Amino acid sequence: MTDTIPETRLLKVQVYETAANGNTFEKIIPASTDRPDVKIIIHPEEKYQIITGFGGSFTEASAYLMNQLGKTNRKKILEAYFGEDGACYSLTRTHINSCDFSLSNYSYAPVEGDINLEHFSIDEDKEAIIPMIKEAMAISKDGFKIIASPWTAPPWMKDNKLWVGGKLLPEYFDTWALFFSKYIDAYKAEEIDIWGITVENEPLGNGNNWESMHYTAEEMTQFVQDHLGPTLEKHGKSKVKILGYDQNREHLKEWVDVMFKNGATSKYFDGTAIHWYASTYEVFPEALQYAHQKAPDKYLIQTEACVDAEIPKWKDDAWYWSKEATDWGWDWAPENEKYLHSKYVPVYRYARDIIGCLNNWVDGWVDWNMVLDKKGGPNWFENWCVAPVIVDPEKDEVYFTPLYHTLKHFSKFIRPGAVRIGFENSDDSLLVTAAKNPDDSIAVVLLNQDPKMKNITLFLNERSVTISINSKAIQTVMIAK
């Protein structure tokens, strides 16, 4: 005969689950079993990083597609991402000048030799990107932060005079720094605040395929130290966050060593931005831990991730739960790195990466395109990818993939200002993270990749509750204050 837990010792929770069995953010009733498989103990006194937020990116591709939809579906998507009943996105990203997910190449400073940027204009963004951002702002109750990233300076500022590759010419260092200030002012004039910038998207390049501009760690640090930082400071923009690097984690150590070498090099850097494309399963925890230890008071934000090199599967939830996806490295990675690019389950990759990032000091996590079409574009380079929301503009149809619900499990319940907290977990195959929100509620996110259901007893301050998580499922357990 087993002892029953007195009502006063029961932990009151709300449980939400998305699973391969068809559950999409379903509310789950706590289990009544007295034979739990797993024990998790929450330690709110163990405090780690403060959370900046979660979200996705405003690209020209996404904004263009939104303009092709009817008003009902346009609002449905924005409510799903930013509304109180939706994912409540709190951290977003957009591109400065064009990127691969633009309809064409463009710059806000197209006039060659315009060193004072007298012809600077963001008119290109006023048709799609800016209206999408402003509509999202109107829907969002708590608001959201925006990180802006350039893929390249205008070709006339570069040594190769091309959109792709090359480096910024020294005679244009100050002009390019002024470009950031002009961009922030232009968006401010549209009543949009830019919270932060990255210095360059993927400074190591992208194989010379689409817009890019190359820096070494030393070159970027020197540009920020001597030009970008002082320019923004001079123009009253010292509160705008500057994030360095902005590429894959396998090179993170060498970059933070240079960026945060001393007080002079790190003065204007507010943090580091990273991407996930170095592997389909490896989180690189040692690199993340090292980056935090190198600059413990700086931001460490994942600014881009997506299912790349795939055409979206339309209204086929099962594919997103199956081990069928491959990334760029499946075909193109060097032989000695092929093992990092194995086939993967899209839902698992997202959930594993976010949990792994949170458990290794990352404070923000941003997805790539919010909306793409059935082809995985539009994209001028035809670099097709998958987004959490897929649309068919010709038929005015919308498909919320399981990736949308996966992201929602984090963004809706772990709010800006939350603190990641400690836990003990008796089952290494069950992935767990936990955070305490500013309102004192606690969010525990679980990922069960196993083919069987698990019963879990969750303990907090001498109270407990037993819950069941289905096989192949992600769950958020909310513990009220």
# chains A, B, ... in the order shown; residues from 1 in each chain; ligands from 1
$ select_by_dssp --residues "segment 284-425 of chain A" --states "helix (DSSP H, G or I)" --output "ChimeraX atom specification"
/A:285-294,317-320,328-332,335-340,346-358,402-411
$ closest_atom_pairs --of "segment 59-149 of chain A" --to "segment 368-376 of chain A" --cutoff "12 Å" --atoms "only C-alpha atoms" --output "JSON lines"
{"residue": "A:Thr59", "atom": "CA", "partner": "A:Asn369", "partner_atom": "CA", "distance": 6.2}
{"residue": "A:Glu60", "atom": "CA", "partner": "A:Asn369", "partner_atom": "CA", "distance": 9.1}
{"residue": "A:Ala61", "atom": "CA", "partner": "A:Leu372", "partner_atom": "CA", "distance": 6.9}
{"residue": "A:Ser62", "atom": "CA", "partner": "A:Val371", "partner_atom": "CA", "distance": 4.7}
{"residue": "A:Ala63", "atom": "CA", "partner": "A:Val371", "partner_atom": "CA", "distance": 7.9}
{"residue": "A:Tyr64", "atom": "CA", "partner": "A:Val371", "partner_atom": "CA", "distance": 9.4}
{"residue": "A:Leu65", "atom": "CA", "partner": "A:Leu372", "partner_atom": "CA", "distance": 7.2}
{"residue": "A:Met66", "atom": "CA", "partner": "A:Val371", "partner_atom": "CA", "distance": 7.8}
{"residue": "A:Asn67", "atom": "CA", "partner": "A:Val371", "partner_atom": "CA", "distance": 11.4}
{"residue": "A:Gln68", "atom": "CA", "partner": "A:Asp373", "partner_atom": "CA", "distance": 10.8}
{"residue": "A:Leu69", "atom": "CA", "partner": "A:Asp373", "partner_atom": "CA", "distance": 11.2}
{"residue": "A:Asn73", "atom": "CA", "partner": "A:Val371", "partner_atom": "CA", "distance": 11.9}
{"residue": "A:Arg74", "atom": "CA", "partner": "A:Val371", "partner_atom": "CA", "distance": 10.5}
{"residue": "A:Ile77", "atom": "CA", "partner": "A:Val371", "partner_atom": "CA", "distance": 8.7}
{"residue": "A:Leu78", "atom": "CA", "partner": "A:Met370", "partner_atom": "CA", "distance": 9.6}
{"residue": "A:Ala80", "atom": "CA", "partner": "A:Met370", "partner_atom": "CA", "distance": 10.8}
{"residue": "A:Tyr81", "atom": "CA", "partner": "A:Met370", "partner_atom": "CA", "distance": 8.5}
{"residue": "A:Phe82", "atom": "CA", "partner": "A:Met370", "partner_atom": "CA", "distance": 11.4}
{"residue": "A:Ala87", "atom": "CA", "partner": "A:Met370", "partner_atom": "CA", "distance": 11.9}
{"residue": "A:Tyr89", "atom": "CA", "partner": "A:Met370", "partner_atom": "CA", "distance": 10.9}
{"residue": "A:Leu91", "atom": "CA", "partner": "A:Trp368", "partner_atom": "CA", "distance": 11.7}
{"residue": "A:Thr92", "atom": "CA", "partner": "A:Trp368", "partner_atom": "CA", "distance": 9.1}
{"residue": "A:Arg93", "atom": "CA", "partner": "A:Trp368", "partner_atom": "CA", "distance": 8.0}
{"residue": "A:Thr94", "atom": "CA", "partner": "A:Trp368", "partner_atom": "CA", "distance": 9.1}
{"residue": "A:His95", "atom": "CA", "partner": "A:Trp368", "partner_atom": "CA", "distance": 10.7}
{"residue": "A:Cys99", "atom": "CA", "partner": "A:Asn369", "partner_atom": "CA", "distance": 11.6}
{"residue": "A:Asp100", "atom": "CA", "partner": "A:Asn369", "partner_atom": "CA", "distance": 11.0}
{"residue": "A:Phe101", "atom": "CA", "partner": "A:Asn369", "partner_atom": "CA", "distance": 8.1}
{"residue": "A:Ser102", "atom": "CA", "partner": "A:Asn369", "partner_atom": "CA", "distance": 10.9}
{"residue": "A:Ile129", "atom": "CA", "partner": "A:Met370", "partner_atom": "CA", "distance": 11.9}
{"residue": "A:Met132", "atom": "CA", "partner": "A:Met370", "partner_atom": "CA", "distance": 11.0}
{"residue": "A:Ile133", "atom": "CA", "partner": "A:Met370", "partner_atom": "CA", "distance": 11.7}
{"residue": "A:Ala136", "atom": "CA", "partner": "A:Met370", "partner_atom": "CA", "distance": 11.9}
$ residues_around --residues "Asn116 of chain A" --least-positions-apart "6" --cutoff "9 Å" --atoms "only C-alpha atoms" --output "list in words"
Thr175, Leu178 and Phe179 of chain A
$ closest_atom_pairs --of "segment 146-218 of chain A" --to "segment 253-274 of chain A" --cutoff "10 Å" --atoms "only C-alpha atoms" --output "JSON lines"
{"residue": "A:Gly196", "atom": "CA", "partner": "A:Asp270", "partner_atom": "CA", "distance": 9.0}
{"residue": "A:Ile197", "atom": "CA", "partner": "A:Ala273", "partner_atom": "CA", "distance": 9.7}
{"residue": "A:Thr198", "atom": "CA", "partner": "A:Ala273", "partner_atom": "CA", "distance": 7.2}
{"residue": "A:Val199", "atom": "CA", "partner": "A:Ala273", "partner_atom": "CA", "distance": 9.6}
{"residue": "A:Glu200", "atom": "CA", "partner": "A:Ala273", "partner_atom": "CA", "distance": 9.9}
{"residue": "A:Asn201", "atom": "CA", "partner": "A:Ala273", "partner_atom": "CA", "distance": 9.2}
{"residue": "A:Glu202", "atom": "CA", "partner": "A:Ile274", "partner_atom": "CA", "distance": 9.0}
{"residue": "A:Thr216", "atom": "CA", "partner": "A:Trp255", "partner_atom": "CA", "distance": 8.5}
{"residue": "A:Ala217", "atom": "CA", "partner": "A:Trp255", "partner_atom": "CA", "distance": 5.4}
{"residue": "A:Glu218", "atom": "CA", "partner": "A:Val258", "partner_atom": "CA", "distance": 6.4}
$ write_last_selection --atoms "N, CA, C and O atoms" --output "compact mmCIF listing (two decimals), in the first residue's frame"
# COMPACT_ATOMS: atom_id res chain seq x y z
N GLY A 196 19.12 46.17 -30.86
CA GLY A 196 20.51 45.77 -31.00
C GLY A 196 20.87 45.52 -32.45
O GLY A 196 20.01 45.41 -33.33
N ILE A 197 22.17 45.46 -32.70
CA ILE A 197 22.67 45.16 -34.05
C ILE A 197 23.75 44.09 -33.93
O ILE A 197 24.42 43.97 -32.90
N THR A 198 23.89 43.29 -34.96
CA THR A 198 25.10 42.49 -35.09
C THR A 198 25.97 43.19 -36.13
O THR A 198 25.46 43.85 -37.04
N VAL A 199 27.27 43.05 -36.01
CA VAL A 199 28.18 43.79 -36.88
C VAL A 199 28.13 43.24 -38.31
O VAL A 199 28.19 44.01 -39.27
N GLU A 200 27.98 41.94 -38.42
CA GLU A 200 27.95 41.30 -39.74
C GLU A 200 27.37 39.90 -39.62
O GLU A 200 27.79 39.12 -38.77
N ASN A 201 26.39 39.60 -40.46
CA ASN A 201 25.89 38.23 -40.52
C ASN A 201 26.95 37.34 -41.15
O ASN A 201 27.43 37.61 -42.25
N GLU A 202 27.35 36.30 -40.44
CA GLU A 202 28.27 35.29 -40.94
C GLU A 202 29.55 35.89 -41.56
O GLU A 202 29.76 35.80 -42.77
N THR A 216 37.87 38.97 -40.21
CA THR A 216 38.48 38.12 -39.20
C THR A 216 38.01 38.64 -37.84
O THR A 216 37.44 39.75 -37.75
N ALA A 217 38.25 37.88 -36.80
CA ALA A 217 37.88 38.35 -35.46
C ALA A 217 38.60 39.65 -35.13
O ALA A 217 38.03 40.57 -34.53
N GLU A 218 39.87 39.74 -35.52
CA GLU A 218 40.65 40.95 -35.25
C GLU A 218 40.10 42.15 -36.02
O GLU A 218 40.02 43.26 -35.48
$ select_by_dssp --residues "segment 147-335 of chain A" --states "strand (DSSP E)" --output "PyMOL selection string"
chain A and resi 147-150+196-198+241-248+271-275+299-304+307-308
$ write_last_selection --atoms "N, CA and C atoms" --output "PDB file, in the first residue's frame"
ATOM      1  N   ILE A 147      16.675  42.867 -33.250  1.00  0.00           N
ATOM      2  CA  ILE A 147      18.097  42.862 -33.596  1.00  0.00           C
ATOM      3  C   ILE A 147      18.189  43.002 -35.111  1.00  0.00           C
ATOM      4  N   ALA A 148      19.014  43.920 -35.591  1.00  0.00           N
ATOM      5  CA  ALA A 148      19.176  44.125 -37.032  1.00  0.00           C
ATOM      6  C   ALA A 148      20.588  43.728 -37.452  1.00  0.00           C
ATOM      7  N   SER A 149      20.687  43.024 -38.588  1.00  0.00           N
ATOM      8  CA  SER A 149      21.981  42.495 -39.040  1.00  0.00           C
ATOM      9  C   SER A 149      22.201  42.787 -40.519  1.00  0.00           C
ATOM     10  N   PRO A 150      23.381  43.310 -40.884  1.00  0.00           N
ATOM     11  CA  PRO A 150      23.705  43.447 -42.310  1.00  0.00           C
ATOM     12  C   PRO A 150      24.345  42.177 -42.856  1.00  0.00           C
ATOM     13  N   GLY A 196      19.121  46.171 -30.855  1.00  0.00           N
ATOM     14  CA  GLY A 196      20.506  45.771 -31.005  1.00  0.00           C
ATOM     15  C   GLY A 196      20.875  45.522 -32.451  1.00  0.00           C
ATOM     16  N   ILE A 197      22.170  45.460 -32.704  1.00  0.00           N
ATOM     17  CA  ILE A 197      22.671  45.157 -34.046  1.00  0.00           C
ATOM     18  C   ILE A 197      23.753  44.086 -33.927  1.00  0.00           C
ATOM     19  N   THR A 198      23.893  43.289 -34.964  1.00  0.00           N
ATOM     20  CA  THR A 198      25.103  42.489 -35.085  1.00  0.00           C
ATOM     21  C   THR A 198      25.966  43.187 -36.130  1.00  0.00           C
ATOM     22  N   LYS A 241      22.475  47.841 -28.477  1.00  0.00           N
ATOM     23  CA  LYS A 241      23.410  46.755 -28.184  1.00  0.00           C
ATOM     24  C   LYS A 241      24.191  46.358 -29.433  1.00  0.00           C
ATOM     25  N   ILE A 242      25.490  46.156 -29.266  1.00  0.00           N
ATOM     26  CA  ILE A 242      26.340  45.676 -30.357  1.00  0.00           C
ATOM     27  C   ILE A 242      26.746  44.242 -30.045  1.00  0.00           C
ATOM     28  N   LEU A 243      26.360  43.317 -30.922  1.00  0.00           N
ATOM     29  CA  LEU A 243      26.696  41.900 -30.772  1.00  0.00           C
ATOM     30  C   LEU A 243      27.708  41.511 -31.835  1.00  0.00           C
ATOM     31  N   GLY A 244      28.784  40.882 -31.405  1.00  0.00           N
ATOM     32  CA  GLY A 244      29.824  40.464 -32.333  1.00  0.00           C
ATOM     33  C   GLY A 244      29.635  39.043 -32.817  1.00  0.00           C
ATOM     34  N   TYR A 245      30.498  38.665 -33.740  1.00  0.00           N
ATOM     35  CA  TYR A 245      30.549  37.349 -34.378  1.00  0.00           C
ATOM     36  C   TYR A 245      29.322  37.088 -35.250  1.00  0.00           C
ATOM     37  N   ASP A 246      28.315  36.353 -34.818  1.00  0.00           N
ATOM     38  CA  ASP A 246      27.093  36.083 -35.579  1.00  0.00           C
ATOM     39  C   ASP A 246      27.281  34.975 -36.607  1.00  0.00           C
ATOM     40  N   GLN A 247      27.913  33.870 -36.164  1.00  0.00           N
ATOM     41  CA  GLN A 247      28.027  32.700 -37.031  1.00  0.00           C
ATOM     42  C   GLN A 247      28.100  31.444 -36.163  1.00  0.00           C
ATOM     43  N   ASN A 248      28.511  30.330 -36.736  1.00  0.00           N
ATOM     44  CA  ASN A 248      28.377  29.036 -36.076  1.00  0.00           C
ATOM     45  C   ASN A 248      29.289  28.859 -34.864  1.00  0.00           C
ATOM     46  N   GLY A 271      27.748  41.834 -26.378  1.00  0.00           N
ATOM     47  CA  GLY A 271      27.569  40.397 -26.344  1.00  0.00           C
ATOM     48  C   GLY A 271      27.975  39.737 -27.638  1.00  0.00           C
ATOM     49  N   THR A 272      27.604  38.465 -27.746  1.00  0.00           N
ATOM     50  CA  THR A 272      27.985  37.630 -28.880  1.00  0.00           C
ATOM     51  C   THR A 272      26.746  36.983 -29.483  1.00  0.00           C
ATOM     52  N   ALA A 273      26.698  36.941 -30.810  1.00  0.00           N
ATOM     53  CA  ALA A 273      25.606  36.278 -31.525  1.00  0.00           C
ATOM     54  C   ALA A 273      26.128  34.997 -32.165  1.00  0.00           C
ATOM     55  N   ILE A 274      25.282  33.976 -32.197  1.00  0.00           N
ATOM     56  CA  ILE A 274      25.688  32.674 -32.731  1.00  0.00           C
ATOM     57  C   ILE A 274      24.584  32.077 -33.603  1.00  0.00           C
ATOM     58  N   HIS A 275      24.973  31.111 -34.467  1.00  0.00           N
ATOM     59  CA  HIS A 275      24.039  30.349 -35.296  1.00  0.00           C
ATOM     60  C   HIS A 275      24.223  28.859 -35.003  1.00  0.00           C
ATOM     61  N   TYR A 299      25.724  39.545 -23.255  1.00  0.00           N
ATOM     62  CA  TYR A 299      24.690  38.710 -23.878  1.00  0.00           C
ATOM     63  C   TYR A 299      25.329  37.582 -24.688  1.00  0.00           C
ATOM     64  N   LEU A 300      24.629  36.454 -24.751  1.00  0.00           N
ATOM     65  CA  LEU A 300      24.999  35.333 -25.624  1.00  0.00           C
ATOM     66  C   LEU A 300      23.699  34.878 -26.289  1.00  0.00           C
ATOM     67  N   ILE A 301      23.489  35.314 -27.524  1.00  0.00           N
ATOM     68  CA  ILE A 301      22.188  35.164 -28.181  1.00  0.00           C
ATOM     69  C   ILE A 301      22.309  34.363 -29.470  1.00  0.00           C
ATOM     70  N   GLN A 302      21.479  33.339 -29.584  1.00  0.00           N
ATOM     71  CA  GLN A 302      21.326  32.574 -30.825  1.00  0.00           C
ATOM     72  C   GLN A 302      20.450  33.415 -31.744  1.00  0.00           C
ATOM     73  N   THR A 303      21.017  33.937 -32.843  1.00  0.00           N
ATOM     74  CA  THR A 303      20.287  34.876 -33.698  1.00  0.00           C
ATOM     75  C   THR A 303      19.709  34.262 -34.967  1.00  0.00           C
ATOM     76  N   GLU A 304      20.086  33.024 -35.304  1.00  0.00           N
ATOM     77  CA  GLU A 304      19.510  32.422 -36.516  1.00  0.00           C
ATOM     78  C   GLU A 304      19.592  30.906 -36.475  1.00  0.00           C
ATOM     79  N   VAL A 307      15.513  24.963 -40.564  1.00  0.00           N
ATOM     80  CA  VAL A 307      15.689  23.745 -41.346  1.00  0.00           C
ATOM     81  C   VAL A 307      16.092  24.211 -42.742  1.00  0.00           C
ATOM     82  N   ASP A 308      17.390  24.149 -43.023  1.00  0.00           N
ATOM     83  CA  ASP A 308      17.898  24.662 -44.291  1.00  0.00           C
ATOM     84  C   ASP A 308      18.043  23.539 -45.315  1.00  0.00           C
TER      85      ASP A 308
END
